Amino acid sequence: MKAPFGKTRLDGVRVEEVSEDISDLEYFGGEVKRARLARKLSQLQFAEGTGYSQGHISNVESGRKIPSAEFARRCDHVLGTHGMFERLRARLLEKGHPTWFRPFVKLEASAVEILDYAPSVVPGIF
């Protein structure tokens, strides 16, 4: 995904040329920030509303931290986005996996324990 040409990004920087690609995490974080600013909430106010620290909010908004399912749910609740962040997070986690593998991603997310049986001492090393 590219930053728009000739528009102002979420962080207030004017973009005159198409900038570098942004990651899906940065896109998710940018959407959180956009929705938060639309509600006229500071990071501190938003942190208090969600029960997460201001540092956590900052890390998610900048794309440095993968949002948890609970974080996405609380964002939707505080910002009134009706499940948008839960859906974005689900898409974020599925993206990059082949279509045939996506059901396993969902199973792994709900797994309590994952067992790996391998004939080697260190899994993955032959």
# chains A, B, ... in the order shown; residues from 1 in each chain; ligands from 1
>>> residues_around(residues="range 50-52 of chain A", least_positions_apart="3", cutoff="8 Å", atoms="only C-alpha atoms", output="list in words")
Phe46, Ala47, His56, Ile57, Phe71, Arg74, Cys75 and Val78 of chain A
>>> atom_distance(atom1="CA of Glu48 in chain A", atom2="CA of Ala69 in chain A")
17.8 Å
>>> residues_around(residues="range 27-35 of chain A", least_positions_apart="4", cutoff="8 Å", atoms="only C-alpha atoms", output="list in words")
Met1, Leu10, Ile22, Ser23, Arg39, Val60, Glu61, Ser62, Gly63, Cys75, Leu79, Phe85, Leu88 and Arg89 of chain A
>>> residues_around(residues="Ala109 in chain A", least_positions_apart="4", cutoff="12 Å", atoms="only C-alpha atoms", output="NGL selection string")
:A and (68-69 or 90 or 93-94 or 102-105 or 113-114)
>>> atom_distance(atom1="CA of Leu115 in chain A", atom2="CA of Phe101 in chain A")
17.9 Å
>>> atom_distance(atom1="CA of Leu92 in chain A", atom2="CA of Glu108 in chain A")
14.9 Å
>>> closest_residue(among="A:Leu44, A:Leu25, A:Arg91, A:Gly80", to="Ile66 in chain A", atoms="only C-alpha atoms")
A:Leu25
